[in-house]
Amino acid sequence: MSRNRLAALPPIHRKLLLGSVLVIGTALLLPKHSELLPQRIPVQLDIESILEKSATIPSAEVLEPVADFQKQIVKGDTLSGLFEQGGVDQQTMYRVLEADLNVLALDTLMPGNNIQFWLNDAGELEKLSLYFNAARQVIFSRFDDGSFNVEEVNIEGIWRDRAISGQIHGSFYVSAQKMGLNAGEIQRVESLLKEKLNFARDLRAGDKFSVLMNDQFIDGEATGNSHVLGVTIERGSSSINAYQHTDGNFYDEKGESLARAFQRIPLMKNYRISSRFNRHRHHPVTGRTSPHNGTDFATPIGTKIVAPGDGIVSLVTDHRYAGKYVVIEHGNKYRTRYLHLSKSLVHKGQRVSRGQVIALSGNTGRITGPHLHYEFHINGRPVDPMKAKIPMASKLSSKEMTEFSHIVKIRKMMMGIA
Ligand SMILES: [Zn+2]
């Protein structure tokens with residue numbers, strides 16, 4: 001939701017749109033449409049525009065019991081502060097954090113998101129809901145023994161294409177913004193083509209650009225989630241382009257990958273695997289299913305960890321159970337996470353390239369011995385890092401190329417390119 005798109009809507013629609021941002025729980029009624037979605041790097045501008053315009057709009061659509069405490073996150077909020085305001089003690093907060101170890105959703109709360117607490121008759125936390133947007137909520141609910149279950153609710157909604165084209169007058173940023181792309185979308189286009197084009201130097205007035213976006217809608221309202229499907233920039237007689245293939249990676253028309261391929265493990269040599277990825281691992285004490293969402297490598301404290309692919313650091317933080325950890329987004333489909341570090345060597349927002357040392361392994365958090373816990377997510381879903389199908393080659397095979405050429409042809413038509 002860019003400011004422009006928001007402002008362009010008639011007032012009633014704008015209200016509904018903002019209302020939908022605030023409505024908690026309605027989406028929960030449709031769990032059968034659930035599917036995990038890619039998550040994107042937060043775009044500050046979007047959040048501010050929501051915050052600015054969102055007065056308290058009452059929602060008549062919430063059908064579940066009214067929460068005992070509800071708050072829209074603002075800058076400066078802390079987790080312990082929020083729990084305190086919700087009337088929930090610190091020990092319970094730790095139990096929620098423990099349940100969150102496999103999802104790490106609490107650490108991704110941002111201004112504009114909503115948090116809700118439901119207490120039982122004894123005044124104990126019964127349920128906690130995190131509302132990130134209409135497409136994604138995370139819900140914690142209390143077990144009888146006082147520990148918590150965590151559940152991610154992701155709504156797929158529908159995706160619509162949006163083609164944007166224009167000419168360069170001034171910077172690419174200004175020209176693209178005029179045509180309706182928001183700051184986050186422009187940044188994605190620029191980062192996609194960064195190896196092919198210097199946006200500050202290489203463009204001239206009159207050069208043409210086309211972008212094909214794919215936007216998510218739930219109940220007719222934009223969620224703010226969007227993908228780039230294709231980009232073309234025509235400079236005089238030459239053209240630079242990138243199209244997303246079904247593997248999530250971007251390639252030029254000839255099938256050459258724009259991003260460098262991934263390496264399988266984020267380490268400079270092989271280490272023993274001390275615990276494998278296991279979606280159905282049983283917790284030895286509680287007997288409940290407690291997935292192991294990553295691969296553990298038996299790395300001595302201080303082992304260098306490298307980025308397995310190009311990306312942008314989206315989080316560097318410290319967690320009671322996960323320890324010091326780093327999250328990297330690789331385009332909008334892949335994400336990697338590194339837990340129990342002794343030291344991070346990167347900061348949030350930093351661009352990293354494949355092979356770059358990003359951290360030193362350690363034994364922070366709740367852990368029995370030093371190791372690296374490494375997670376690989378595809379479209380927001382953790383997969384086995386050792387087995388997942390990830391782009392490890394830089395060119396599409398001739399078989400893949402047949403499918404890709406067909407995709408490119410259709411997208412070009414949608415973008416009005418001959
Ligand atoms: Zn692990």
# chains A, B, ... in the order shown; residues from 1 in each chain; ligands from 1
$ residues_near_ligand --ligand "ligand 1" --cutoff "10 Å" --atoms "only C-alpha atoms and all ligand atoms" --output "PyMOL selection string"
chain A and resi 102+273-278+291-297+322+338-340+367+371-375
$ write_last_selection --atoms "N, CA and C atoms" --output "tab-separated table (two decimals), in the first residue's frame"
chain	number	residue	atom	x	y	z
A	102	ASN	N	10.72	-21.76	17.26
A	102	ASN	CA	10.68	-22.33	15.91
A	102	ASN	C	10.17	-21.37	14.85
A	273	ILE	N	27.22	-32.97	11.08
A	273	ILE	CA	25.84	-32.54	11.35
A	273	ILE	C	25.42	-33.21	12.66
A	274	SER	N	25.11	-32.40	13.68
A	274	SER	CA	24.78	-32.99	14.98
A	274	SER	C	23.28	-33.20	15.12
A	275	SER	N	22.48	-32.49	14.33
A	275	SER	CA	21.03	-32.72	14.36
A	275	SER	C	20.46	-32.30	13.01
A	276	ARG	N	19.67	-33.20	12.42
A	276	ARG	CA	19.13	-32.91	11.09
A	276	ARG	C	17.79	-32.22	11.18
A	277	PHE	N	17.39	-31.63	10.08
A	277	PHE	CA	16.06	-31.04	9.92
A	277	PHE	C	15.02	-32.14	10.14
A	278	ASN	N	14.00	-31.87	10.94
A	278	ASN	CA	12.97	-32.87	11.19
A	278	ASN	C	11.65	-32.19	11.55
A	291	PRO	N	8.98	-29.39	15.91
A	291	PRO	CA	9.82	-29.52	14.73
A	291	PRO	C	11.22	-28.97	14.92
A	292	HIS	N	12.19	-29.61	14.32
A	292	HIS	CA	13.53	-29.03	14.26
A	292	HIS	C	13.66	-28.43	12.87
A	293	ASN	N	13.55	-27.10	12.81
A	293	ASN	CA	13.42	-26.42	11.52
A	293	ASN	C	14.72	-26.09	10.83
A	294	GLY	N	15.80	-26.68	11.29
A	294	GLY	CA	17.08	-26.38	10.65
A	294	GLY	C	18.03	-27.54	10.72
A	295	THR	N	19.25	-27.29	10.27
A	295	THR	CA	20.31	-28.28	10.37
A	295	THR	C	21.33	-27.76	11.38
A	296	ASP	N	21.74	-28.62	12.31
A	296	ASP	CA	22.76	-28.22	13.28
A	296	ASP	C	24.13	-28.74	12.85
A	297	PHE	N	25.09	-27.83	12.80
A	297	PHE	CA	26.47	-28.22	12.49
A	297	PHE	C	27.30	-28.09	13.76
A	322	ALA	N	17.01	-18.68	21.30
A	322	ALA	CA	17.73	-18.81	20.00
A	322	ALA	C	19.13	-18.21	20.08
A	338	TYR	N	20.51	-17.96	11.15
A	338	TYR	CA	21.71	-18.51	11.78
A	338	TYR	C	21.58	-18.26	13.28
A	339	LEU	N	21.45	-19.32	14.07
A	339	LEU	CA	21.19	-19.17	15.50
A	339	LEU	C	22.40	-19.54	16.38
A	340	HIS	N	22.35	-19.08	17.62
A	340	HIS	CA	23.33	-19.40	18.67
A	340	HIS	C	24.71	-18.82	18.39
A	367	ILE	N	21.04	-24.07	24.81
A	367	ILE	CA	21.79	-24.94	23.92
A	367	ILE	C	22.62	-25.88	24.79
A	371	HIS	N	27.09	-25.03	18.60
A	371	HIS	CA	26.80	-25.46	17.23
A	371	HIS	C	26.16	-24.31	16.47
A	372	LEU	N	26.10	-24.48	15.15
A	372	LEU	CA	25.36	-23.53	14.33
A	372	LEU	C	24.03	-24.19	13.96
A	373	HIS	N	22.92	-23.52	14.27
A	373	HIS	CA	21.60	-23.96	13.79
A	373	HIS	C	21.30	-23.13	12.55
A	374	TYR	N	21.20	-23.78	11.41
A	374	TYR	CA	21.04	-23.10	10.12
A	374	TYR	C	19.68	-23.42	9.52
A	375	GLU	N	18.91	-22.37	9.20
A	375	GLU	CA	17.59	-22.58	8.60
A	375	GLU	C	17.54	-22.01	7.19
$ residues_around --residues "segment 233-241 of chain A" --least-positions-apart "5" --cutoff "8 Å" --atoms "only C-alpha atoms" --output "VMD selection string"
chain A and resid 193 196 203 to 204 207 to 210 252 to 253
$ atom_distance --atom1 "atom CA of Gly87 of chain A" --atom2 "atom CA of Thr286 of chain A"
27.2 Å
$ atom_distance --atom1 "atom CA of Ser80 of chain A" --atom2 "atom CA of Lys127 of chain A"
16.5 Å
$ select_by_dssp --residues "segment 110-307 of chain A" --states "strand (DSSP E)" --output "PyMOL selection string"
chain A and resi 114-119+125-133+136-142+148-154+158-167+208-218+221-235+238-244+250-251+273-275+295-297+304-306
$ closest_atom_pairs --of "segment 64-150 of chain A" --to "segment 156-176 of chain A" --cutoff "10 Å" --atoms "only C-alpha atoms" --output "Markdown table"
| residue | atom | partner | partner_atom | distance |
| --- | --- | --- | --- | --- |
| A:Ala134 | CA | A:Gly157 | CA | 9.2 |
| A:Ala135 | CA | A:Glu156 | CA | 6.7 |
| A:Arg136 | CA | A:Glu156 | CA | 9.1 |
